[in-house]
Each structure stands twice: as structure tokens, then as C-alpha cells.
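Next comes work.cif, with mmCIF, C-alpha atoms.
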```cif
data_data
#
loop_
_atom_site.label_atom_id
_atom_site.label_comp_id
_atom_site.auth_asym_id
_atom_site.auth_seq_id
_atom_site.Cartn_x
_atom_site.Cartn_y
_atom_site.Cartn_z
CA PRO Y 13 93.01 109.59 77.62
CA ALA Y 14 89.37 109.64 76.61
CA LEU Y 15 86.73 106.95 76.12
CA SER Y 16 84.15 107.62 73.42
CA ALA Y 17 81.28 105.87 71.64
CA GLU Y 18 79.16 106.72 68.60
CA LEU Y 19 75.92 105.33 67.21
CA HIS Y 20 75.65 106.05 63.50
CA THR Y 21 72.95 105.35 60.93
CA GLN Y 22 72.76 106.11 57.21
CA PHE Y 23 69.90 105.60 54.76
CA ALA Y 24 70.01 104.80 51.03
CA SER Y 25 68.82 108.35 50.32
CA GLY Y 26 72.08 109.72 51.76
CA LEU Y 27 70.53 111.05 54.97
CA PHE Y 28 72.60 110.17 58.04
CA GLY Y 29 72.60 110.82 61.76
CA SER Y 30 74.73 110.05 64.79
CA LEU Y 31 74.83 110.34 68.56
CA TRP Y 32 78.24 110.63 70.20
CA ALA Y 33 79.61 110.71 73.75
CA SER Y 34 83.15 111.12 75.05
CA THR Y 35 84.89 111.73 78.34
CA SER Y 36 86.40 115.20 78.41
CA ARG Y 37 88.60 117.40 80.58
CA PRO Y 38 89.15 120.81 78.91
CA ARG Y 39 91.46 122.10 81.64
CA ALA Y 40 93.86 120.19 83.87
CA ALA Y 41 92.11 121.68 86.94
CA ASP Y 42 88.70 120.35 85.83
CA ASP Y 43 87.18 117.01 86.77
CA THR Y 44 86.57 114.59 83.92
CA SER Y 45 83.05 115.00 82.53
CA VAL Y 46 81.11 113.82 79.48
CA GLU Y 47 80.81 115.68 76.19
CA LEU Y 48 77.75 114.83 74.06
CA GLY Y 49 77.12 115.44 70.38
CA ALA Y 50 74.39 114.83 67.82
CA THR Y 51 74.72 115.15 64.04
CA ILE Y 52 72.32 115.08 61.13
CA GLY Y 53 73.39 115.43 57.53
CA PHE Y 54 73.34 114.35 53.93
CA ALA Y 55 75.97 112.37 51.98
CA LEU Y 56 76.09 112.30 48.20
CA VAL Y 57 78.18 110.00 46.00
CA VAL Y 58 78.65 111.90 42.73
CA ASP Y 59 80.51 109.13 40.86
CA ASP Y 60 83.21 106.54 41.58
CA ARG Y 61 85.71 109.36 42.31
CA TRP Y 62 83.81 112.17 44.06
CA ALA Y 63 81.64 112.25 47.18
CA ALA Y 64 80.35 115.06 49.41
CA ARG Y 65 78.82 115.49 52.86
CA LEU Y 66 76.90 118.30 54.53
CA GLY Y 67 76.13 118.20 58.23
CA TYR Y 68 74.85 120.02 61.29
CA SER Y 69 76.10 119.08 64.78
CA HIS Y 70 75.27 120.20 68.30
CA TYR Y 71 77.68 119.68 71.22
CA GLU Y 72 77.20 119.97 74.98
CA SER Y 73 79.17 119.24 78.16
CA PRO Y 74 76.40 119.12 80.77
CA GLY Y 75 78.62 117.89 83.63
CA SER Y 76 81.47 120.37 83.15
CA SER Y 77 82.17 123.25 85.52
CA ARG Y 78 80.86 125.72 82.88
CA PRO Y 79 78.35 123.79 80.73
CA GLY Y 80 77.19 126.84 78.76
CA PHE Y 81 80.76 127.66 77.76
CA TYR Y 82 81.17 124.30 75.99
CA GLN Y 83 77.76 124.29 74.27
CA TYR Y 84 77.92 125.09 70.55
CA ASP Y 85 76.61 124.27 67.06
CA GLU Y 86 78.57 123.49 63.92
CA PHE Y 87 77.77 123.37 60.20
CA SER Y 88 80.20 121.34 58.08
CA ALA Y 89 80.92 120.45 54.46
CA GLU Y 90 83.36 117.88 53.09
CA LEU Y 91 84.43 116.97 49.57
CA ARG Y 92 86.27 113.65 48.94
CA PHE Y 93 88.22 112.52 45.91
CA ARG Y 94 88.77 108.74 45.56
CA ASP Y 95 88.72 108.40 49.37
CA ARG Y 96 92.26 109.80 49.35
CA LEU Y 97 91.95 113.59 49.22
CA PHE Y 98 89.63 115.29 51.71
CA LEU Y 99 88.73 118.98 51.74
CA GLY Y 100 86.58 120.24 54.59
CA ALA Y 101 85.21 123.41 56.12
CA SER Y 102 83.09 124.05 59.20
CA TYR Y 103 81.47 127.06 60.82
CA SER Y 104 80.20 127.54 64.36
CA PRO Y 105 78.06 130.64 65.04
CA ASN Y 106 78.30 130.31 68.83
CA THR Y 107 81.78 129.20 69.88
CA SER Y 108 83.12 130.23 73.30
CA ARG Y 109 86.84 130.03 74.04
CA TYR Y 110 89.34 131.10 76.67
CA ALA Y 111 92.79 132.48 75.84
CA PRO Y 112 95.24 133.59 78.56
CA VAL Y 113 95.92 136.88 76.74
CA TYR Y 114 92.20 137.66 76.10
CA GLY Y 115 90.27 135.89 78.85
CA PRO Y 116 86.92 134.17 78.15
CA VAL Y 117 85.00 135.21 75.02
CA TRP Y 118 81.45 133.95 74.58
CA ASN Y 119 79.29 133.02 71.56
CA ARG Y 120 81.22 134.22 68.53
CA GLY Y 121 81.75 132.75 65.08
CA ALA Y 122 84.64 130.34 64.41
CA SER Y 123 85.65 128.49 61.25
CA THR Y 124 87.92 125.59 60.38
CA PHE Y 125 89.40 124.78 56.97
CA GLU Y 126 91.21 121.46 56.44
CA ALA Y 127 92.86 119.44 53.69
CA SER Y 128 94.18 115.92 54.14
CA PHE Y 129 95.56 113.12 52.03
CA GLN Y 130 95.73 109.41 52.81
CA GLN Y 131 97.78 106.83 50.95
CA PRO Y 132 97.46 103.05 51.24
CA LEU Y 133 100.87 101.62 52.19
CA ALA Y 134 100.24 97.89 52.64
CA ASP Y 135 97.35 95.58 53.44
CA GLY Y 136 95.31 97.43 56.09
CA LEU Y 137 98.00 100.10 56.57
CA GLN Y 138 97.76 103.70 55.37
CA GLY Y 139 99.65 106.95 55.82
CA ASN Y 140 98.02 110.35 56.15
CA LEU Y 141 99.08 113.98 55.96
CA GLY Y 142 96.95 117.02 56.82
CA ILE Y 143 96.96 120.79 57.20
CA GLY Y 144 94.32 123.13 58.58
CA PHE Y 145 93.51 126.63 59.78
CA TYR Y 146 91.31 127.45 62.80
CA ASP Y 147 89.93 130.96 62.29
CA LEU Y 148 89.19 132.55 65.68
CA SER Y 149 89.30 136.13 64.41
CA ALA Y 150 85.74 136.87 65.64
CA LEU Y 151 86.84 135.84 69.15
CA PHE Y 152 90.47 136.93 69.39
CA GLY Y 153 91.28 138.77 66.17
CA GLU Y 154 93.50 135.91 64.94
CA GLY Y 155 93.61 132.19 64.23
CA TYR Y 156 96.24 129.50 63.85
CA TRP Y 157 97.59 126.86 61.46
CA TYR Y 158 98.16 123.22 62.34
CA GLY Y 159 99.46 120.15 60.55
CA SER Y 160 99.65 116.41 61.12
CA VAL Y 161 101.32 113.30 59.79
CA GLY Y 162 100.29 109.82 60.80
CA VAL Y 163 99.66 106.19 60.11
CA GLY Y 164 96.55 104.04 60.49
CA TRP Y 165 95.98 100.30 60.51
CA SER Y 166 92.69 98.42 60.08
CA TRP Y 167 91.98 94.75 60.68
CA ARG Y 168 88.48 93.34 60.57
CA ARG Y 169 86.46 95.65 62.86
CA TRP Y 170 89.51 97.18 64.61
CA SER Y 171 91.30 100.41 63.71
CA LEU Y 172 94.45 101.89 65.23
CA ASP Y 173 95.68 105.40 64.43
CA LEU Y 174 98.77 107.35 65.48
CA SER Y 175 99.43 110.97 64.48
CA TRP Y 176 101.99 113.67 65.21
CA VAL Y 177 100.19 117.05 65.44
CA VAL Y 178 102.03 120.38 65.21
CA PRO Y 179 100.23 123.72 65.79
CA ASP Y 180 101.88 127.08 65.09
CA ALA Y 181 102.99 129.44 67.89
CA THR Y 182 99.69 131.36 67.83
CA ALA Y 183 97.84 128.22 68.99
CA ARG Y 184 99.86 128.17 72.19
CA ARG Y 185 98.92 131.80 72.90
CA LEU Y 186 95.22 131.09 72.28
CA SER Y 187 94.99 127.92 74.43
CA TYR Y 188 95.26 126.83 78.02
CA VAL Y 189 98.89 126.42 79.07
CA GLY Y 190 100.22 123.18 77.57
CA ALA Y 191 97.02 122.43 75.63
CA ALA Y 192 98.38 123.31 72.18
CA ASP Y 193 101.89 121.84 72.21
CA LYS Y 194 103.25 119.44 69.60
CA ARG Y 195 102.09 115.95 70.53
CA PHE Y 196 101.33 112.42 69.49
CA LEU Y 197 97.66 111.43 69.38
CA GLY Y 198 96.60 107.81 69.29
CA SER Y 199 93.26 106.06 69.05
CA ALA Y 200 91.94 102.52 69.00
CA SER Y 201 88.39 101.81 67.84
CA PHE Y 202 86.10 98.85 67.34
CA ALA Y 203 83.06 98.97 65.02
CA PHE Y 204 80.01 96.84 65.86
#
```

Represent the structure from my file as C-alpha cells, please.
Amino acid sequence: PALSAELHTQFASGLFGSLWASTSRPRAADDTSVELGATIGFALVVDDRWAARLGYSHYESPGSSRPGFYQYDEFSAELRFRDRLFLGASYSPNTSRYAPVYGPVWNRGASTFEASFQQPLADGLQGNLGIGFYDLSALFGEGYWYGSVGVGWSWRRWSLDLSWVVPDATARRLSYVGAADKRFLGSASFAF
């Protein structure tokens, strides 16, 4: 389990920024530490159907056993259609990862490509379906696919989400033992 918080602001011009913090434990042998992130970006509403976002984020884990290993930057782009279809891509020029078959690899490029769809089901309830590819070819010469199916519920300022996430077999080879298995992920959040 992790506890996280985010402070987010957006201006009428479309400029936005956020500060984020979460507890983190990348490996079972590690102590729990804090991961920090900061984002700045621009959001554009094209019309009543289309919207787009561009962003830059920086992440750090200053209290982890290897803080430099978990320090990276990310550039992201997202296109939305009617707040139902989401297409996204991100690129990190300085990702570091460990894979049991390769060992640690420092500061290489990594990309993510994702598509997701959400469908309202009832008042406050929605279903979602997603697929993505994490391209780690600059680090390990390969990447992996993943998919998810889930349900979310919102009431006033509360949101609850539950998803079933399934990575392909390559993800298990490129992750800490047990870190990339099929699993349920759940979250509860409150917006102030």
C-alpha cells in the first residue's frame, strides 16, 4: 500500500502545474521511502469533443537506498476524445532500471504508449479498459505490453478505483521477482 498526495493548479490560459509525493518501496528488501514529483504543462480544449495536454515531469526518491537510480525526467502528451478515449505517449531521456537478466542499466531512453477507454455505467460508476507498451529497448533491447480492465466510482469529492492489470511474460523478465505479476490495483482518493 502507498499513501500519496498532490497539489494541483491550473490557469485559464491552460498552463498547469503540480507537486506530488507518495510512499514508495521499489524492492521488497528496501525500506519504505518517499517519491517526489513536480509537473508543469499546458492543456488545450480544442472543442467540445477534443482536448490535449503536454507536460514535463521530474521525479526523485531522495530517501531511497539508491536515490540517483530513481531520479528521472519525463515528457508526456495526451489526446482525449469526449473524455472517453485517451491516447498518450511519454518519453524519459534518463531512465534507470534493473532487470535480473541484465543487471542495473543507468540513464537511457524509455517510452510508453497507451490507449484507454472509459464508459459511464450508472450514476457515478464507470468502466475502463486500457492497453499499453513500455519500450525499454534502449536499456534492455526489448519492451513489454500490458493491459487493464477496471471500474471506478465517484461520489462528491471521493473516488474509488479497482483494476485488474496483466503484463506480458517479458515484463516479468525485466522486473524484480514478483513485481510484474498479474494483480489487482485499488485506490481511494479525496479531492479538497

Taking all atoms of range 71-86 of chain Y that the file lists and extending 8 Å past them on each side, where is the centre of the axis-aligned box and how long are its edges? Answer in Å to one decimal, as lines of an AutoDock Vina configuration file.
```
center_x = 79.3
center_y = 122.8
center_z = 74.7
size_x = 21.8
size_y = 25.8
size_z = 37.6
```

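The residues returned by the PyMOL selection byres ((chain Y and resi 136) around 9) on the shown structure are Y:Pro132, Y:Leu133, Y:Ala134, Y:Asp135, Y:Leu137, Y:Gln138, Y:Gly164, Y:Trp165, Y:Ser166, Y:Trp167.
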
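What the PyMOL selection byres ((chain Y and resi 127-130) around 9) picks from this file is Asp95, Arg96, Leu97, Phe98, Leu99, Gly100, Ala101, Phe125, Glu126, Gln131, Pro132, Gln138, Gly139, Asn140, Leu141, Gly142, Ile143, Gly144, Ser160 and Val163 of chain Y.
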
Residue IDs satisfying the PyMOL selection byres ((chain Y and resi 124) around 10), as a list in words: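 With the shown file as input, the PyMOL selection byres ((chain Y and resi 124) around 10) matches Ser88, Gly100, Ala101, Ser102, Tyr103, Ser104, Ala122, Ser123, Phe125, Glu126, Gly144, Phe145, Tyr146, Asp147, Leu148, Gly155, Tyr156 and Trp157 of chain Y.
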
Atom pair CA of Gly75 in chain Y / CA of Pro112 in chain Y: separation (Å): 23.4 Å

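Among Y:Leu15, Y:Ala50, Y:Leu56, Y:Ala41, the residue with the shortest atom-to-atom distance to Gly29 in chain Y, counting all atoms listed in the file, is Y:Ala50.
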
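Residue nearest Trp118 in chain Y, chosen from Y:Phe93, Y:Asp60, Y:Asp85, Y:Gly80 and counting only C-alpha atoms: Y:Gly80.
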
My list of candidates is Y:Tyr84, Y:Ala191, Y:Val46, Y:Phe202. Which is closest to Asp173 in chain Y when distances are computed with all atoms listed in the file? Y:Phe202

For CA of Glu72 in chain Y and CA of Pro38 in chain Y, determine how far apart the two atoms are, in Å to one decimal place. 12.6 Å

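One distance worth recording is that between CA of Arg61 in chain Y and CA of Leu91 in chain Y, which is 10.6 Å.
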
Leaving out Pro116 in chain Y and any residue of its chain fewer than 5 positions from it, which residues lie within 10 Å of it when counting all atoms listed in the file, given as an NGL selection string? :Y and (81 or 108-111 or 151-152)
